[in-house]
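Have a look at the structure below, then the notes.
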Amino acid sequence: MMRAMRALLPILVVLMATNCTPTPSATPQKTASANPALDTPTLLYGDEALKSRLKRALAAKGEKYEPRTKHLRGDGSPKFTNRLILETSPYLAQHAHNPVNWFPWGDEAFEVARKLGRPVFLSVGYSTCHWCHVMEEESFEDEAIAKYLNDHYVMIKVDREERPDVDAIYMRAVQILTRRGGWPMSVWLTPEGKPFYGGTYFPARDGDRGTRKGFITLLKEQYDSFKGDPAGIASDSTRLAARVQEDLKPIASSGLPGAVSLQMAVEMAGRRFDPEYGGSRGKPKFPSSFPVRTLLRYGRRAKDDNATTMALTSLSKMAAGGMYDHVAGGFHRYSTDARWLVPHFEKMLYDNALLAIAYIEGYQASGDTELLRVAREILDYVVRDMTSPEGGYYSATDADSIGPKGHREEGYYFTWTPSELERTLGPARAATVGKYYAVKPGGNFEGRSILHTPRDKADVAKQLKISVAELEAEIAAARPLLLTERNKRPAPIRDDKIQVSWNGLMLAAMARGARVMGDRRYRDNAKAAARFILDKLYDGGRLKHSYMGGRTTTVAFAEDHAFFASGLLELFEATHEPEWLGHAIRAMEQLEKLHTRGTAGGYFRTAHDAEKLLAREMQQRDGAVPAASSIALMNHLKLSSLTTDDRWRKRAEKTLSAFSTILTRSPWALEDMLVGLDYYTDTAKEVLLVLPEGSDTSSADYRALEAVLQRRFVPNHVLVVSFEGGAKQLHEHVPWAKGKPPRNDKATAYVCERGACELPTNEPHTLSRQLDKFADFPMGVGLR
C-alpha cells in the first residue's frame, strides 16, 4: 500500500470528497485510432444470447434515440454497444456506447475477472458530474485506451446515486490512499473486490493538463504490478481492505450528549464564519458546510443574536450570489469562490430540499420575507421542472449544456450578455434588470455574466431614480420573459432517476412549504410524491431505492426509510390526514427491523439481508446529504411526541448515545443530528388545533391560529389538527388528541408538554405566548 501511495500522490489532481473533482480547463485530447476488431457491439466475455439482448435493447430505444457517443455509423446508429444499455441508471446509459466493455456492478464481472486472472477497474460517478463527462470524453471514448482496458482489465461502471454503499466503501479506500476524494472515482481492485490503487479524475496521457502520468500509463503500470507482483498486491489490498473495514465501523459510545454540543458547534462556526459573505471562510463554499439551522436554534434558546446573525447573513449572501438561479429558482451545487458568485452549475434535488427548509426557518426566525421568497422560488422550480408526471421528484440537472459551438459547455445555459437582455426585454427594462443583476460587457464568467445581486434593492433603485416597489415590479415582470428565452437554449441533461431518499427530503420541504405558506399547490404536489413512492417503490412490502423507466433497483438503504418517514411526518402535519402518520410509523418500523445494530443505536446503511460487500457502513458524518441516523433521530423524537409510545424515546436516546463521542468532540460533523439534539434537550411542544363540528380549516378563527404557527420560529413541536369528535384513526396514533373539545364554538389551541397542557385558547396572542416558552440554555452543561 505504501508503494501505491508514493506513486499516486504526485499525479492526483483532486479537491474534496464532496464534489465532482475539478481540474484546470483545457481542450480534451481525443484519439481516433482505427480499431476494426471493435467495430461490432462490444461484447467481450459475452455470448450470442447477450448480443441479442443488447440489440433488442438498442432497438427498443426507438427512432428518436440519440446515442451519447462520438462513435457513430453513417446512419447515426452507435458503432459500439455494451451491457450498460440494459441498466436503468441515466449515468450508466451515458456510457452504453463507449468502446469500453463496461459491466454493471455484480457477481458476473468479478467472476469473469477471476476466470481470466485480471484486475478490475472500477469507475464511479453520477450523471450530472462535469469531470465524469470530461474523463469519458478523454479516456473512455478513446479507442486506443478502450482497447487496452478491454484486453487487460474487467471494467465496472457504478452510479454512486444508485449504489451509495459501493461508493462509500471505495471512496474511503481512495481517501486513505490520497487523503482526498471526489468523482469520477477510479479504483483498481483484485478479483475479490479488494482495492489496491485509486484516485479520481486522471487525464488521458502523460503531460495532459500538466500531469506527469496519464491514465493509460497508470493502467499499464498497475496491470504490470498486478501480474508481476501478485504477492505484493495481495498484501497491500488486504491491508487496505482491513483499514476500510475499521474506518467504517461504528465509533464507541460515551453516554448521552447534552446541549453543550450545540454550544461547541456554534463556537466552531464563529471561528470559521466569513463576516463579509457568510458561510465558512475560504473557497470552495458548500451550503452544507455551515450549520445554519443549528445556529438559528441556538440563537433562539440561548438568546444569542450573534448566532442568529451568522445564520441569516449566510442565507442572504447565498441567495444574492450566482450560486442561486435568479431566473428559475433553485440553487446550484456549490460556489467555486468565496463570494458565492461562480457556481458549479449542476442542481441537485437534495441541496434544494435542505435549503428550502433552511430558508423557511430563516424567515420564521427573522420575519424577512426575502428569505421566504427564495424558499417559494425553490419549491416552484421543483414543481415546474423536477416533478415527474407520475408524481416523484427527479434527481438532478447537469452543469453542462450544448453551447452555440455545438459542444458541451459548463454554465452557458445560465449566463447572459447585455445584448441578450436587450433582445429579450427591450432597452429600458434591460437597463434596469442588467443593473440589478450586475450584467456587464465582458461579464464575470467566460465573457458572459452570471446573474447575481451584489447590491441591495434600495441602492439600485436610488441609482435608477425609481422606487423599490417599481424596481421589484420590473424584476417580477422580467423573470418569466428571461425564463422563456432561456428555455429556447439546449438545456442541461436532467437525471430522471427517482430516488426514495432524496424524494423524502423534498417531500419534507414541500410539505413544510405548504404548511408555512398555506399553498395548496405544494400540499398537492407533496401528496402526489408520497403516493407515487407508496404505489411504485414498494415490492412485496419491501421498499426499493430508486425508480427509472418503470423499473425499480436495489432494496432500500437506511436513508430511504428514514428520509421518507421524515417527509411523511411533515406531510401529516401539513394535511392533518392520519394516513401519512401511519405510513411514517411503518417506514420507521422497517428501518428498525432491517438496519439496526443489535441493541445499540444508529443504523447500518445496508439491510441485514442485502448484498455482502467488503464492509458494512454506518454513516458517522452528515455530508451534503444527511446521515440516515441523523434524520431517524428527529423521526424518533417526533413519533415519541405524537404517539406517546416510549419505544421511540428509547430509540432516540440509543441513537444519541451511539454518536455521543462525535457529538462531544466534533459536533460540526453531525449538523443534522444537532437539530435533533436541540429538540431532545428542549421542552418540545405538542400543539393541537381542534375545530368545532361543521367548521373547517378555511374558517377565520382557525386561520388566525394557524398564522401564529406559520410566522413563528418554534422548531421543536409537533402539530395535530382535529375536528370535534375526532377521527378514530387519528386517536389510535395520537391518543393525547382525544377528549380536547373546542371552546366557545371556535377553533381552539391546546399547547402541551409531555401531556401537561396550558389552558386552551381561541386567541392568537395567547397561543404566541404559550409557544414562546422553551427550556433555558445553561452554558457549558447538558440539560439531560
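As shown in the C-alpha cells, the chain order sets the letters A, B, ...; within each chain, residues go from 1, and ligands are also counted from 1 in the order they appear.
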Name the residues in contact with Ala624 (chain A) at a cut-off of 12 Å, using only C-alpha atoms, excluding same-chain residues fewer than 4 positions from it; report them as a VMD selection string.
chain A and resid 16 to 19 285 to 291 333 to 334 348 to 355 502 669 to 672
Ser388 (chain A): which residues within 10 Å, counting only C-alpha atoms, same-chain residues fewer than 5 positions away excluded, as a list of chain:residue names?
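The contact residues come out as A:Val382, A:Val383, A:Tyr393, A:Tyr394, A:Asp496, A:Lys497, A:Ile498, A:Ala529, A:Phe532.
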Give me the residues near Glu108 (chain A) as a PDB file with all heavy atoms, in the first residue's frame, where near means some atom within 12 Å (using only C-alpha atoms) and where sequence neighbours in that chain fewer than 4 positions away do not count.
ATOM      1  N   TYR A  45     -16.364 -11.283 -23.389  1.00  0.00           N
ATOM      2  CA  TYR A  45     -16.833 -12.123 -22.286  1.00  0.00           C
ATOM      3  C   TYR A  45     -18.339 -12.397 -22.389  1.00  0.00           C
ATOM      4  O   TYR A  45     -18.925 -12.918 -21.462  1.00  0.00           O
ATOM      5  CB  TYR A  45     -16.540 -11.530 -20.886  1.00  0.00           C
ATOM      6  CG  TYR A  45     -15.320 -10.670 -20.797  1.00  0.00           C
ATOM      7  CD1 TYR A  45     -15.389  -9.391 -20.286  1.00  0.00           C
ATOM      8  CD2 TYR A  45     -14.090 -11.144 -21.244  1.00  0.00           C
ATOM      9  CE1 TYR A  45     -14.273  -8.588 -20.214  1.00  0.00           C
ATOM     10  CE2 TYR A  45     -12.967 -10.341 -21.173  1.00  0.00           C
ATOM     11  CZ  TYR A  45     -13.058  -9.072 -20.660  1.00  0.00           C
ATOM     12  OH  TYR A  45     -11.954  -8.270 -20.593  1.00  0.00           O
ATOM     13  N   GLY A  46     -18.973 -12.055 -23.496  1.00  0.00           N
ATOM     14  CA  GLY A  46     -20.402 -12.307 -23.654  1.00  0.00           C
ATOM     15  C   GLY A  46     -20.643 -13.454 -24.619  1.00  0.00           C
ATOM     16  O   GLY A  46     -19.741 -14.131 -25.076  1.00  0.00           O
ATOM     17  N   ARG A  83     -22.986  -3.633 -22.173  1.00  0.00           N
ATOM     18  CA  ARG A  83     -24.010  -4.109 -21.241  1.00  0.00           C
ATOM     19  C   ARG A  83     -24.778  -2.991 -20.537  1.00  0.00           C
ATOM     20  O   ARG A  83     -25.870  -3.207 -20.016  1.00  0.00           O
ATOM     21  CB  ARG A  83     -23.349  -4.999 -20.174  1.00  0.00           C
ATOM     22  CG  ARG A  83     -22.879  -6.354 -20.665  1.00  0.00           C
ATOM     23  CD  ARG A  83     -21.969  -6.986 -19.622  1.00  0.00           C
ATOM     24  NE  ARG A  83     -21.573  -8.344 -19.974  1.00  0.00           N
ATOM     25  CZ  ARG A  83     -20.568  -8.634 -20.806  1.00  0.00           C
ATOM     26  NH1 ARG A  83     -19.875  -7.664 -21.385  1.00  0.00           N
ATOM     27  NH2 ARG A  83     -20.275  -9.895 -21.062  1.00  0.00           N
ATOM     28  N   TRP A 102     -17.878  -2.220 -20.561  1.00  0.00           N
ATOM     29  CA  TRP A 102     -18.353  -1.985 -19.189  1.00  0.00           C
ATOM     30  C   TRP A 102     -19.280  -3.098 -18.726  1.00  0.00           C
ATOM     31  O   TRP A 102     -20.155  -3.556 -19.473  1.00  0.00           O
ATOM     32  CB  TRP A 102     -19.113  -0.671 -19.100  1.00  0.00           C
ATOM     33  CG  TRP A 102     -18.328   0.583 -19.276  1.00  0.00           C
ATOM     34  CD1 TRP A 102     -18.459   1.509 -20.268  1.00  0.00           C
ATOM     35  CD2 TRP A 102     -17.298   1.073 -18.401  1.00  0.00           C
ATOM     36  NE1 TRP A 102     -17.576   2.550 -20.085  1.00  0.00           N
ATOM     37  CE2 TRP A 102     -16.848   2.307 -18.942  1.00  0.00           C
ATOM     38  CE3 TRP A 102     -16.703   0.606 -17.234  1.00  0.00           C
ATOM     39  CZ2 TRP A 102     -15.852   3.077 -18.348  1.00  0.00           C
ATOM     40  CZ3 TRP A 102     -15.704   1.363 -16.646  1.00  0.00           C
ATOM     41  CH2 TRP A 102     -15.284   2.580 -17.197  1.00  0.00           C
ATOM     42  N   PHE A 103     -19.105  -3.464 -17.466  1.00  0.00           N
ATOM     43  CA  PHE A 103     -20.064  -4.287 -16.741  1.00  0.00           C
ATOM     44  C   PHE A 103     -20.757  -3.390 -15.704  1.00  0.00           C
ATOM     45  O   PHE A 103     -20.135  -2.477 -15.169  1.00  0.00           O
ATOM     46  CB  PHE A 103     -19.370  -5.411 -15.963  1.00  0.00           C
ATOM     47  CG  PHE A 103     -18.931  -6.581 -16.787  1.00  0.00           C
ATOM     48  CD1 PHE A 103     -17.791  -6.507 -17.574  1.00  0.00           C
ATOM     49  CD2 PHE A 103     -19.643  -7.774 -16.760  1.00  0.00           C
ATOM     50  CE1 PHE A 103     -17.370  -7.584 -18.316  1.00  0.00           C
ATOM     51  CE2 PHE A 103     -19.226  -8.865 -17.501  1.00  0.00           C
ATOM     52  CZ  PHE A 103     -18.087  -8.779 -18.284  1.00  0.00           C
ATOM     53  N   PRO A 104     -22.003  -3.668 -15.375  1.00  0.00           N
ATOM     54  CA  PRO A 104     -22.570  -3.058 -14.165  1.00  0.00           C
ATOM     55  C   PRO A 104     -22.007  -3.783 -12.949  1.00  0.00           C
ATOM     56  O   PRO A 104     -21.408  -4.861 -13.078  1.00  0.00           O
ATOM     57  CB  PRO A 104     -24.070  -3.315 -14.313  1.00  0.00           C
ATOM     58  CG  PRO A 104     -24.146  -4.590 -15.094  1.00  0.00           C
ATOM     59  CD  PRO A 104     -22.965  -4.553 -16.047  1.00  0.00           C
ATOM     60  N   VAL A 112     -15.816 -13.126 -13.995  1.00  0.00           N
ATOM     61  CA  VAL A 112     -15.009 -13.050 -15.211  1.00  0.00           C
ATOM     62  C   VAL A 112     -13.563 -12.691 -14.867  1.00  0.00           C
ATOM     63  O   VAL A 112     -12.613 -13.273 -15.404  1.00  0.00           O
ATOM     64  CB  VAL A 112     -15.614 -12.022 -16.190  1.00  0.00           C
ATOM     65  CG1 VAL A 112     -14.637 -11.722 -17.328  1.00  0.00           C
ATOM     66  CG2 VAL A 112     -16.932 -12.520 -16.749  1.00  0.00           C
ATOM     67  N   ALA A 113     -13.383 -11.756 -13.940  1.00  0.00           N
ATOM     68  CA  ALA A 113     -12.023 -11.366 -13.538  1.00  0.00           C
ATOM     69  C   ALA A 113     -11.273 -12.533 -12.928  1.00  0.00           C
ATOM     70  O   ALA A 113     -10.066 -12.722 -13.185  1.00  0.00           O
ATOM     71  CB  ALA A 113     -12.102 -10.201 -12.553  1.00  0.00           C
ATOM     72  N   ARG A 114     -11.965 -13.324 -12.122  1.00  0.00           N
ATOM     73  CA  ARG A 114     -11.302 -14.492 -11.523  1.00  0.00           C
ATOM     74  C   ARG A 114     -10.929 -15.513 -12.587  1.00  0.00           C
ATOM     75  O   ARG A 114      -9.819 -16.062 -12.572  1.00  0.00           O
ATOM     76  CB  ARG A 114     -12.221 -15.128 -10.471  1.00  0.00           C
ATOM     77  CG  ARG A 114     -12.270 -14.359  -9.158  1.00  0.00           C
ATOM     78  CD  ARG A 114     -12.990 -15.139  -8.079  1.00  0.00           C
ATOM     79  NE  ARG A 114     -14.428 -15.207  -8.311  1.00  0.00           N
ATOM     80  CZ  ARG A 114     -15.306 -14.305  -7.874  1.00  0.00           C
ATOM     81  NH1 ARG A 114     -14.895 -13.254  -7.180  1.00  0.00           N
ATOM     82  NH2 ARG A 114     -16.591 -14.446  -8.128  1.00  0.00           N
ATOM     83  N   LYS A 115     -11.830 -15.752 -13.517  1.00  0.00           N
ATOM     84  CA  LYS A 115     -11.552 -16.747 -14.559  1.00  0.00           C
ATOM     85  C   LYS A 115     -10.389 -16.326 -15.450  1.00  0.00           C
ATOM     86  O   LYS A 115      -9.569 -17.147 -15.854  1.00  0.00           O
ATOM     87  CB  LYS A 115     -12.806 -16.966 -15.403  1.00  0.00           C
ATOM     88  CG  LYS A 115     -13.888 -17.766 -14.699  1.00  0.00           C
ATOM     89  CD  LYS A 115     -15.097 -17.971 -15.610  1.00  0.00           C
ATOM     90  CE  LYS A 115     -16.158 -18.816 -14.922  1.00  0.00           C
ATOM     91  NZ  LYS A 115     -17.364 -18.999 -15.769  1.00  0.00           N
ATOM     92  N   VAL A 120      -9.612  -5.659 -11.767  1.00  0.00           N
ATOM     93  CA  VAL A 120     -10.858  -4.957 -12.061  1.00  0.00           C
ATOM     94  C   VAL A 120     -10.592  -3.460 -12.014  1.00  0.00           C
ATOM     95  O   VAL A 120      -9.946  -2.966 -11.078  1.00  0.00           O
ATOM     96  CB  VAL A 120     -11.958  -5.332 -11.044  1.00  0.00           C
ATOM     97  CG1 VAL A 120     -13.195  -4.464 -11.226  1.00  0.00           C
ATOM     98  CG2 VAL A 120     -12.307  -6.814 -11.169  1.00  0.00           C
ATOM     99  N   VAL A 154     -11.086  -6.119 -16.382  1.00  0.00           N
ATOM    100  CA  VAL A 154     -12.545  -6.202 -16.376  1.00  0.00           C
ATOM    101  C   VAL A 154     -13.033  -4.877 -15.794  1.00  0.00           C
ATOM    102  O   VAL A 154     -12.606  -4.479 -14.706  1.00  0.00           O
ATOM    103  CB  VAL A 154     -13.058  -7.389 -15.530  1.00  0.00           C
ATOM    104  CG1 VAL A 154     -14.578  -7.359 -15.426  1.00  0.00           C
ATOM    105  CG2 VAL A 154     -12.578  -8.703 -16.144  1.00  0.00           C
ATOM    106  N   MET A 155     -13.900  -4.180 -16.531  1.00  0.00           N
ATOM    107  CA  MET A 155     -14.283  -2.807 -16.184  1.00  0.00           C
ATOM    108  C   MET A 155     -15.710  -2.758 -15.634  1.00  0.00           C
ATOM    109  O   MET A 155     -16.631  -3.305 -16.252  1.00  0.00           O
ATOM    110  CB  MET A 155     -14.178  -1.891 -17.406  1.00  0.00           C
ATOM    111  CG  MET A 155     -12.758  -1.667 -17.880  1.00  0.00           C
ATOM    112  SD  MET A 155     -12.045  -3.148 -18.668  1.00  0.00           S
ATOM    113  CE  MET A 155     -13.113  -3.317 -20.088  1.00  0.00           C
ATOM    114  N   ILE A 156     -15.863  -2.084 -14.507  1.00  0.00           N
ATOM    115  CA  ILE A 156     -17.174  -1.931 -13.871  1.00  0.00           C
ATOM    116  C   ILE A 156     -17.493  -0.446 -13.751  1.00  0.00           C
ATOM    117  O   ILE A 156     -16.660   0.341 -13.305  1.00  0.00           O
ATOM    118  CB  ILE A 156     -17.204  -2.579 -12.472  1.00  0.00           C
ATOM    119  CG1 ILE A 156     -16.949  -4.089 -12.561  1.00  0.00           C
ATOM    120  CG2 ILE A 156     -18.530  -2.305 -11.775  1.00  0.00           C
ATOM    121  CD1 ILE A 156     -16.881  -4.784 -11.214  1.00  0.00           C
ATOM    122  N   PRO A 191      -9.690  -9.392  -8.148  1.00  0.00           N
ATOM    123  CA  PRO A 191     -10.939 -10.090  -8.481  1.00  0.00           C
ATOM    124  C   PRO A 191     -11.808 -10.396  -7.259  1.00  0.00           C
ATOM    125  O   PRO A 191     -12.984 -10.740  -7.411  1.00  0.00           O
ATOM    126  CB  PRO A 191     -10.449 -11.380  -9.148  1.00  0.00           C
ATOM    127  CG  PRO A 191      -9.108 -11.038  -9.709  1.00  0.00           C
ATOM    128  CD  PRO A 191      -8.511 -10.098  -8.698  1.00  0.00           C
TER     129      PRO A 191
END
Quick one: residues within 8 Å of region 646-663 of chain A, only C-alpha atoms, excluding same-chain residues fewer than 2 positions away - as a VMD selection string?
chain A and resid 250 to 257 261 600 to 602 620 629 633 to 634 636 to 637 639 to 640 644 665 to 670 674 677
Could you give me, as a PyMOL selection string, the residues within 10 Å of Phe202 (chain A), counting only C-alpha atoms and dropping anything in the same chain fewer than 2 positions from it?
chain A and resi 11-14+23+131+134-135+138-139+184-186+199-200+204-206+208-209+211+213-216+218
Please produce a file of those selected residues containing N, CA and C atoms, as a PDB file, in the first residue's frame.
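What ended up in selection_39.pdb:
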ATOM      1  N   ILE A  11       0.553  12.617  -8.800  1.00  0.00           N
ATOM      2  CA  ILE A  11      -0.173  12.794 -10.050  1.00  0.00           C
ATOM      3  C   ILE A  11      -1.637  13.112  -9.873  1.00  0.00           C
ATOM      4  N   LEU A  12      -2.155  13.023  -8.674  1.00  0.00           N
ATOM      5  CA  LEU A  12      -3.583  13.253  -8.493  1.00  0.00           C
ATOM      6  C   LEU A  12      -3.920  14.732  -8.557  1.00  0.00           C
ATOM      7  N   VAL A  13      -4.950  15.049  -9.264  1.00  0.00           N
ATOM      8  CA  VAL A  13      -5.485  16.407  -9.256  1.00  0.00           C
ATOM      9  C   VAL A  13      -6.863  16.292  -8.638  1.00  0.00           C
ATOM     10  N   VAL A  14      -6.972  16.617  -7.354  1.00  0.00           N
ATOM     11  CA  VAL A  14      -8.209  16.370  -6.642  1.00  0.00           C
ATOM     12  C   VAL A  14      -8.564  17.561  -5.792  1.00  0.00           C
ATOM     13  N   THR A  23     -10.395  20.224 -12.289  1.00  0.00           N
ATOM     14  CA  THR A  23      -9.002  20.438 -12.649  1.00  0.00           C
ATOM     15  C   THR A  23      -8.953  21.627 -13.585  1.00  0.00           C
ATOM     16  N   TRP A 131     -16.735  16.533 -14.353  1.00  0.00           N
ATOM     17  CA  TRP A 131     -15.447  15.900 -14.610  1.00  0.00           C
ATOM     18  C   TRP A 131     -15.580  14.422 -14.926  1.00  0.00           C
ATOM     19  N   VAL A 134     -15.815  14.734 -18.589  1.00  0.00           N
ATOM     20  CA  VAL A 134     -14.506  15.017 -19.173  1.00  0.00           C
ATOM     21  C   VAL A 134     -13.687  13.737 -19.295  1.00  0.00           C
ATOM     22  N   MET A 135     -13.668  12.920 -18.238  1.00  0.00           N
ATOM     23  CA  MET A 135     -12.881  11.687 -18.291  1.00  0.00           C
ATOM     24  C   MET A 135     -13.465  10.722 -19.322  1.00  0.00           C
ATOM     25  N   GLU A 138     -12.242  12.043 -22.758  1.00  0.00           N
ATOM     26  CA  GLU A 138     -10.801  11.924 -22.957  1.00  0.00           C
ATOM     27  C   GLU A 138     -10.322  10.477 -22.973  1.00  0.00           C
ATOM     28  N   SER A 139     -10.937   9.625 -22.151  1.00  0.00           N
ATOM     29  CA  SER A 139     -10.403   8.271 -21.969  1.00  0.00           C
ATOM     30  C   SER A 139     -11.355   7.164 -22.398  1.00  0.00           C
ATOM     31  N   PRO A 184     -15.059  11.921 -10.959  1.00  0.00           N
ATOM     32  CA  PRO A 184     -15.155  10.468 -11.031  1.00  0.00           C
ATOM     33  C   PRO A 184     -14.143   9.799 -10.106  1.00  0.00           C
ATOM     34  N   MET A 185     -14.539   8.679  -9.558  1.00  0.00           N
ATOM     35  CA  MET A 185     -13.645   7.903  -8.714  1.00  0.00           C
ATOM     36  C   MET A 185     -13.127   6.717  -9.534  1.00  0.00           C
ATOM     37  N   SER A 186     -11.825   6.504  -9.478  1.00  0.00           N
ATOM     38  CA  SER A 186     -11.173   5.442 -10.245  1.00  0.00           C
ATOM     39  C   SER A 186     -10.429   4.534  -9.263  1.00  0.00           C
ATOM     40  N   GLY A 199      -7.762   6.714  -7.275  1.00  0.00           N
ATOM     41  CA  GLY A 199      -7.711   8.158  -7.400  1.00  0.00           C
ATOM     42  C   GLY A 199      -9.052   8.668  -7.896  1.00  0.00           C
ATOM     43  N   THR A 200      -9.033   9.809  -8.544  1.00  0.00           N
ATOM     44  CA  THR A 200     -10.285  10.404  -9.016  1.00  0.00           C
ATOM     45  C   THR A 200     -10.183  10.570 -10.529  1.00  0.00           C
ATOM     46  N   ALA A 204      -5.894  11.750 -19.785  1.00  0.00           N
ATOM     47  CA  ALA A 204      -5.698  10.532 -20.575  1.00  0.00           C
ATOM     48  C   ALA A 204      -4.238  10.118 -20.726  1.00  0.00           C
ATOM     49  N   ARG A 205      -3.372  11.097 -20.999  1.00  0.00           N
ATOM     50  CA  ARG A 205      -1.991  10.746 -21.342  1.00  0.00           C
ATOM     51  C   ARG A 205      -0.985  11.610 -20.599  1.00  0.00           C
ATOM     52  N   ASP A 206       0.228  11.132 -20.535  1.00  0.00           N
ATOM     53  CA  ASP A 206       1.302  11.865 -19.867  1.00  0.00           C
ATOM     54  C   ASP A 206       1.383  13.282 -20.424  1.00  0.00           C
ATOM     55  N   ASP A 208      -0.879  15.654 -20.288  1.00  0.00           N
ATOM     56  CA  ASP A 208      -2.178  16.302 -20.418  1.00  0.00           C
ATOM     57  C   ASP A 208      -2.521  17.048 -19.129  1.00  0.00           C
ATOM     58  N   ARG A 209      -2.955  18.279 -19.265  1.00  0.00           N
ATOM     59  CA  ARG A 209      -3.359  19.115 -18.122  1.00  0.00           C
ATOM     60  C   ARG A 209      -2.240  19.219 -17.077  1.00  0.00           C
ATOM     61  N   THR A 211      -0.204  16.926 -15.994  1.00  0.00           N
ATOM     62  CA  THR A 211       0.063  15.764 -15.150  1.00  0.00           C
ATOM     63  C   THR A 211       1.300  15.006 -15.638  1.00  0.00           C
ATOM     64  N   LYS A 213       1.853  11.635 -15.142  1.00  0.00           N
ATOM     65  CA  LYS A 213       1.428  10.341 -15.681  1.00  0.00           C
ATOM     66  C   LYS A 213      -0.046  10.400 -16.032  1.00  0.00           C
ATOM     67  N   GLY A 214      -0.353   9.985 -17.231  1.00  0.00           N
ATOM     68  CA  GLY A 214      -1.733   9.932 -17.666  1.00  0.00           C
ATOM     69  C   GLY A 214      -2.383   8.602 -17.347  1.00  0.00           C
ATOM     70  N   PHE A 215      -3.658   8.527 -17.627  1.00  0.00           N
ATOM     71  CA  PHE A 215      -4.463   7.352 -17.300  1.00  0.00           C
ATOM     72  C   PHE A 215      -3.928   6.095 -17.974  1.00  0.00           C
ATOM     73  N   ILE A 216      -3.564   6.178 -19.257  1.00  0.00           N
ATOM     74  CA  ILE A 216      -3.100   4.985 -19.955  1.00  0.00           C
ATOM     75  C   ILE A 216      -1.808   4.460 -19.340  1.00  0.00           C
ATOM     76  N   LEU A 218      -0.916   4.783 -16.160  1.00  0.00           N
ATOM     77  CA  LEU A 218      -1.285   4.157 -14.889  1.00  0.00           C
ATOM     78  C   LEU A 218      -1.912   2.787 -15.113  1.00  0.00           C
TER      79      LEU A 218
END
